[in-house]
Each structure stands twice: as C-alpha cells, then as structure tokens.
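Everything below concerns the one structure shown next.
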Protein chains: 2
Amino acid sequence: MASIREVAKRAGVSPATVSRVINGTARVDEEKRERVEKAIEETGFRPNELARALYRKSSKIIGVIVPDIENPFFSELAKAIEKEAYEQEYRILLCNSDDQKEKELANLQMLAQLQADGVILMTNTGEKSQSYEAVSMPIVFVDRRLDEMGQTSVIEADHYAGGKLAAEYLIACGCRQITCIRGPQELSSGKKRYEGYREVCRQHSMKERFVDSTYKYEDGAKAAEEVLRRYPDTDGIIACNDMTAVSVYKVLQKRGYRVPEDIQIIGFDGVKFGRFLTPELTTVAQPIKEMGKCAVQMILGTVKELPRDREMKFPVMLIKGETTKNKM
Amino acid sequence: MASIREVAKRAGVSPATVSRVINGTARVDEEKRERVEKAIEETGFRPNELARALYRKSSKIIGVIVPDIENPFFSELAKAIEKEAYEQEYRILLCNSDDQKEKELANLQMLAQLQADGVILMTNTGEKSQSYEAVSMPIVFVDRRLDEMGQTSVIEADHYAGGKLAAEYLIACGCRQITCIRGPQELSSGKKRYEGYREVCRQHSMKERFVDSTYKYEDGAKAAEEVLRRYPDTDGIIACNDMTAVSVYKVLQKRGYRVPEDIQIIGFDGVKFGRFLTPELTTVAQPIKEMGKCAVQMILGTVKELPRDREMKFPVMLIKGETTKNKM
C-alpha cells in the first residue's frame with residue numbers, strides 16, 4: 001500500500017501537508033490541495049484509520065456493553081445497533097459484561113482509551129451514576145434507568161404502561177388470581193413494570209401477589225415453583241421477561257398444568273424467540289429495532305427531536321400468542 | 001491526564017525515550033528505563049491506546065464477523081470469543097454481515113484499516129477464497145470451510161461424524177423412513193452433515209430422502225411442509241440446525257402430528273435455546289465454547305498444538321432431548 005511519503009513526493013509537498021489535506025487540520029492552498037488529492041488517487045493511498053482517529057480524536061467506534069449477548073433481547077438490540085452504526089459508517093465494539101460491575105468499568109476504560117465516540121450501555125447493575133461520571137464519552141443507557149443519572153441519556157420502553165397492559169390483558173382473558181414474577185426492583189424495568197401491575201390490582205381491587213426473580217432463564221424456573229407453592233390458586237402469571245416466561249411454561253408443563261387452560265402466561269420484551277415457540281408466547285413487546293437505531297443516533301447526535309431531559313420513552317405493544325386465552 | 005511530555009520531563013529523558021520504554025520499540029538502558037517507569041507511576045500516565053497501536057501496528061482488536069448475531073449459535077460463539085479475548089486483554093469488534101458478501105468485504109476492509117490483529121469469520125457465502133487473499137490480517141474461519149482456502153485457518157466441528165450420529169441415533173430410536181433437511185450444499189457444514197447421513201443410509205440399505213433448506217428459521221417451515229408433501233411416510237427428520245428443528249416441530253404440531261410418537265426430530269448445534277424448549281430438543285451438539293476460545297487463540301498464536309494444515313476439527317456430541325424416543 002502506498003505510504004503518505006510517496007503521496008507527498010508525487011505531489012511535491014511535505015508529508016505534513018498531505019496529512020493536513022486528509023484531516024483538514026489546517027488550511028492548505030487550493031492548488032496544493034488539488035495536487036495532493038490527485039496523488040492520493042494515483043497512488044491508491046488509503047489513510048491509516050488509526051492515524052486519522054488520533055488527529056480527529058474519533059475512532060468511528062461505538063462501544064456497546066451488554067450484560068449477556070446470549071439473551072435474545074440483547075442480541076436483537078445489538079443487531080439493530082450494528083445495522084444503524086454500519087449505515088453511518090461506524091463500527092461497534094461489543095463487550096459482554098456478564099453482569100459484573102468490574103468488567104463493565106474495565107470495558108468503559110478500554111473504550112475511553114480507544115477514543116470511542118460513545119457507549120451504548122445496557123447494565124443490570126442498579127449502581128448509581130458516580131462510576132459513570134468519570135467517563136468523558138457520551139453514554140446512552142438502554143432499557144436501564146439508574147437514579148441520579150447526571151448528564152447521560154436514557155432510552156427505555158414504557159415499562160409502567162407495559163406492566164399495566166400485561167395485567168389488564170390477563171384480566172380481559174378471564175384471570176382473577178394474577179401473580180407477578182418481578183424483575184430486579186433496583187432496575188427501572190423491574191420496578192416500573194411491577195408498579196404498573198400493582199396499579200391495575202388497585203383499580204380492580206385485586207390483592208397483589210408477587211415473587212421476586214431476575215431476567216435469567218434459570219431463575220425463572222425457581223420463581224415458577226415458588227408461585228405454585230405460595231399461590232396455588234394462581235390462574236395468570238406475569239413473567240418479568242420472555243426468557244422467564246419460557247422457563248415458567250416449562251415448569252407448568254412438567255407439573256401437569258395446561259397452558260392457557262389452567263394458567264395463562266404473559267411475558268415481556270417481544271423477542272423473536274417467543275414466536276418460534278410452541279405455543280407461541282403472549283408478550284408485551286418493546287420496539288427493539290427502533291430503540292437500537294435511536295441509541296446510535298443519540299451517540300452521533302443525529303437523533304431528531306431529542307427531548308430536553310435526554311430521555312426517550314418508547315411505547316410498548318401487546319403480542320397475542322397462545323399462552324393466553326385471547327378473549328379480547 | 002498526564003502527557004508523555006510530563007513523564008519525560010520528570011524522568012529527565014526525551015519523549016521518544018518514554019515511548020521506546022512503553023512500546024519496547026528500541027533498547028533503553030536499565031537506569032533510564034527505571035526512571036521512566038517510576039515517572040509513569042508517579043504521574044499516573046496512561047499511554048494512548050491508539051498511539052500505541054500505531055507503533056505496535058496492533059490495535060488489540062479482533063474482528064468478529066457473523067452472518068446473524070440473532071441466531072443463538074452465533075451469539076453463543078460471540079460470547080465465548082469475547083470472553084477469551086477479554087481475558088487476553090483484546091476487544092472484539094462485532095460485525096453482522098447479514099449474509100451479504102458486500103457487507104462482509106466492507107467489514108474486512110474496515111478491520112484492515114483499523115489494523116485489527118485478526119478476524120474470526122463465520123460466513124454463509126460459499127464463495128472461494130480469492131476475496132479473502134487480499135486481506136493481510138490472519139483470518140480464522142469458524143464453522144465454514146471454503147474450498148481453496150489459501151493460508152487461512154479453519155475451526156469446525158466434525159460435521160460428517162455429526163450427520164452419521166444423527167442418522168444412527170434416529171435409527172436406534174426406531175425410525176425407518178428418515179428424511180434429511182439439508183443445509184446449503186456449498187457450505188462444508190451442510191455438505192458434510194448430509195454426506196454423513198447418506199453414508200448411514202448406505203450401511204442400512206435405506207433409501208436416502210432429502211429436502212433442501214437454509215439455516216434460517218423461516219425456511220425451516222417451508223422445508224417441513226415439503227417433507228410432509230414429498231415423503232408423507234417420514235417417521236424421522238434430521239434438521240440441518242436447531243433453528244430449523246424448532247421450526248419443523250412447530251409445523252408438525254400445527255398439522256396434528258405428535259412428536260416423537262409419529263415423527264421424531266433431531267437438530268444440529270446444541271444451542272442453549274434447545275434446552276429451554278418444551279419438549280427439549282434432541283440434537284447433535286458442537287462444542288461452541290471451546291471453538292470460540294480456540295478461534296481467539298489461533299489469532300493470537302497462542303493455540304497449543306496447531307496442526308500443520310491449520311485446521312482444527314472438534315468432536316460432536318449427542319444431546320438426548322424429548323423430540324426422539326430415546327430407546328438407547
């Protein structure tokens with residue numbers, strides 16, 4: 001590959017001038033600029049991306065930190081983010097934090113040193129924002145709202161409306177003893193969805209019943225067993241996410257319950273996965289593609305109508321599957 | 001953050017000397033080196049990763065190109081790759097090629113300009129190696145063997161043994177009319193698995209029956225319909241991968257077939273996904289974690305016992321689920 005020196009020689013200018021032309025770091029007179037551009041064309045010289053990044057203080061890299069890329073919600077988000085970034089000629093640097101705060105922070109430092117143009121962060125840690133304030137890059141939080149956020153941006157679905165929608169739909173499907181498998185209450189997603197469910201219980205003067213869990217498939221099974229033990233008359237279960245719903249369905253099957261005849265199930269997220277299942281999962285869907293696209297646009301500052309409080313809330317949508325009686 | 005100049009000043013050496021110490025680009029006498037290291041410690045100076053990459057001609061980045069991160073096989077592989085890379089203090093730059101040759105090549109060029117230390121490439125295009133020869137970085141192909149590979153390395157499971165294992169197990173479970181839903185025949189994974197199945201048919205003087213498909217869930221449904229139309233007496237189906245098996249199960253259910261009583265199903269890959277399903281999927285599993293780890297080690301040249309032909313073949317393993325009668 002041609003070097004910057006060959007280009008300079010051919011154009012009869014100094015390498016510094018060539019770099020000025022390439023990076024627009026200083027004014028170069030028209031006639032020289034043309035000679036340089038001609039030389040670049042003739043030599044087929046491709047400027048070193050890293051060197052340019054050094055001048056530009058931009059690496060055209062967007063960091064994406066997910067708690068678990070194996071969770072379909074995050075792999076679908078990552079795919080949407082990569083698609084938009086690629087179209088904007090950015091690349092994504094994917095980091096899997098394994099829900100470990102240390103790994104998340106180590107990744108943030110790596111990204112800062114790489115001069116990433118920003119970070120799209122999906123964290124499962126309920127930690128406060130101090131640890132992120134040190135970071136100079138723009139950070140966009142997706143699906144996870146931390147308290148006292150400082151100057152970061154947030155993208156999330158309307159979890160509260162989602163919790164209400166799930167409860168109201170189960171009631172419409174004939175459920176009277178609805179038990180909620182709650183996600184982590186230190187996370188807005190888990191907290192708000194539960195609050196939505198609780199509000200509906202209040203409106204229908206139903207007693208609220210819940211069991212605590214995480215967003216992991218494995219913990220969903222334990223939670224399902226606990227539901228059957230503590231609330232044996234349950235006729236409807238709101239799972240904190242789709243992976244949990246899948247796990248719950250498996251337990252109910254093993255224990256001889258018919259879904260939806262005996263117990264109805266509704267999940268949250270709307271991952272494709274749920275449509276692949278037999279029976280198909282009824283769920284409250286988040287607009288995953290749109291959220292991923294918006295995250296990239298927020299980093300690049302190209303998002304339209306960014307609200308003053310730097311929070312984007314996306315509407316949720318009911319997907320009627322086969323784990324509910326769909327009497328609507 | 002402290003600059004290289006502050007470090008140089010404090011150590012009483014030139015910035016060039018500091019950079020030599022940091023990057024080991026040239027010999028520096030012991031006493032000077034110690035002063036520099038002390039100064040780095042005292043100033044808390046963190047060398048700019050990009051600048052170092054420029055000297056080192058290394059970015060500590062490994063490119064990972066997958067056809068579809070949404071496919072659990074690839075998201076599990078990506079997770080394993082990220083884990084190993086992180087432990088080796090490398091980051092992975094994830095690219096989703098969407099099975100598009102152009103996007104794959106564009107990503108390869110981006111990675112070359114970023115001076116990635118290597119690329120782990122999972123391609124669904126059966127194209128010959130010419131297009132990859134241009135790339136100067138080491139490339140490790142995972143799960144996809146192209147003809148005339150040139151100097152690249154290959155990691156794949158023993159697809160041929162896998163195809164045999166699938167067929168033999170269905171026979172052991174009582175199947176006599178086994179139909180194979182073949183993956184793309186221009187890919188070694190699809191070709192070899194099918195050849196394994198065919199070999200078993202020969203041994204058992206069974207007539208081979210197949211339907212062509214892709215590794216996509218959506219195409220699996222069409223293939224299943226074709227199987228029922230062309231081979232209505234089918235009592236066992238070998239799906240080209242787990243996503244296809246899930247799709248096939250759904251179709252059989254809708255058409256009123258009982259699995260495994262009427263028709264048994266076996267998949268390929270062994271993604272976690274399959275264990276989450278009800279019924280659990282019987283499948284031929286690839287050692288996904290080990291393959292991902294090995295891919296990183298091949299790029300970094302730290303792999304133990306790399307065979308001369310630069311090909312690593314991993315053994316497959318049967319996972320007995322509930323879509324077969326498991327008479328073994």
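Numbering starts fresh at 1 for the residues of each chain in the structure tokens, the chains themselves are lettered A, B, ... in the order given, and ligands are numbered from 1 as they appear.
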For Gln264 (chain B), work out the shell of residues within 6 Å, counting only C-alpha atoms and skipping chain neighbours fewer than 4 positions away, then give it as a list in words. Gly236, Val259, Pro260, Thr323 and Thr324 of chain B
Can you list every residue of chain B that has an atom at most 8 Å from chain A, with its nearest atom pair and the distance in Å to one decimal, using only C-alpha atoms, ordered by chain then number, as CSV?
```
residue,atom,partner,partner_atom,distance
B:Asn48,CA,A:Gln113,CA,6.0
B:Glu49,CA,A:Gln113,CA,5.5
B:Leu50,CA,A:Leu114,CA,5.9
B:Ala51,CA,A:Leu54,CA,7.1
B:Ala53,CA,A:Leu50,CA,7.8
B:Leu54,CA,A:Leu50,CA,6.9
B:Asp68,CA,A:Lys79,CA,7.9
B:Ile69,CA,A:Ser75,CA,6.2
B:Glu70,CA,A:Ser75,CA,5.5
B:Pro72,CA,A:Glu70,CA,6.8
B:Ser75,CA,A:Glu70,CA,5.5
B:Glu76,CA,A:Glu70,CA,5.7
B:Ala78,CA,A:Ile69,CA,7.9
B:Lys79,CA,A:Ile69,CA,6.3
B:Glu82,CA,A:Asn96,CA,6.9
B:Lys83,CA,A:Asn96,CA,7.6
B:Arg91,CA,A:Leu93,CA,7.2
B:Ile92,CA,A:Leu93,CA,6.0
B:Leu93,CA,A:Leu93,CA,4.4
B:Leu94,CA,A:Leu94,CA,5.9
B:Cys95,CA,A:Glu82,CA,7.0
B:Asn96,CA,A:Glu82,CA,6.9
B:Gln113,CA,A:Glu49,CA,5.4
B:Leu114,CA,A:Glu49,CA,5.7
B:Gln115,CA,A:Leu50,CA,7.8
B:Val246,CA,A:Phe276,CA,6.9
B:Ser247,CA,A:Phe276,CA,6.8
B:Lys250,CA,A:Thr278,CA,6.0
B:Gln253,CA,A:Thr278,CA,7.9
B:Phe276,CA,A:Ser247,CA,6.8
B:Leu277,CA,A:Leu277,CA,7.2
B:Thr278,CA,A:Lys250,CA,6.0
```
Of the residues A:Asp262, A:Glu84, A:Asp219, A:Asp117, which is the one nearest to Thr234 (chain A), using only C-alpha atoms?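 For Thr234 (chain A), the nearest of the given residues is A:Asp262.
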Name the residues of region 167-275 of chain A that fall into alpha helix (DSSP H) according to DSSP on the backbone, using the chain letters and numbers of this document, as a ChimeraX atom specification. /A:167-172,188-203,217-230,242-254,272-275
What residues in region 184-324 of chain B get the DSSP label strand (DSSP E or B)? Please answer as a list in words. Arg209, Phe210, Val211, Asp212, Gly236, Ile237, Ile238, Gln264, Ile265, Ile266, Gly267, Phe268, Asp269, Thr283, Val284, Ala285, Glu311, Met312, Lys313, Phe314, Met317, Leu318 and Ile319 of chain B
Name all residues at most 12 Å from Lys191 (chain A) (count only C-alpha atoms; drop same-chain ones fewer than 2 positions away) and give them as number ranges by chain. A: 126, 144-146, 158-163, 180-189, 193-198, 212-214, 240
Here is a test: counting only C-alpha atoms, which residue of A:Lys101, A:Arg258, A:Lys38, A:Arg20 is nearest to Val7 (chain A)?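 Nearest to Val7 (chain A): A:Lys38.
The shortest atom-to-atom distance to Glu87 (chain A), with only C-alpha atoms taken into account, belongs to A:Gln297 out of A:Ser136, A:Thr17, A:Gln297, A:Asn326.
Each of B:Val211, B:Ile238, B:Ala221, B:Ile155 was compared to Cys294 (chain B) using only C-alpha atoms, and B:Ile155 turns out to be the nearest.
Put simply, CA of Tyr231 (chain A) is 12.3 Å away from CA of Arg176 (chain A).
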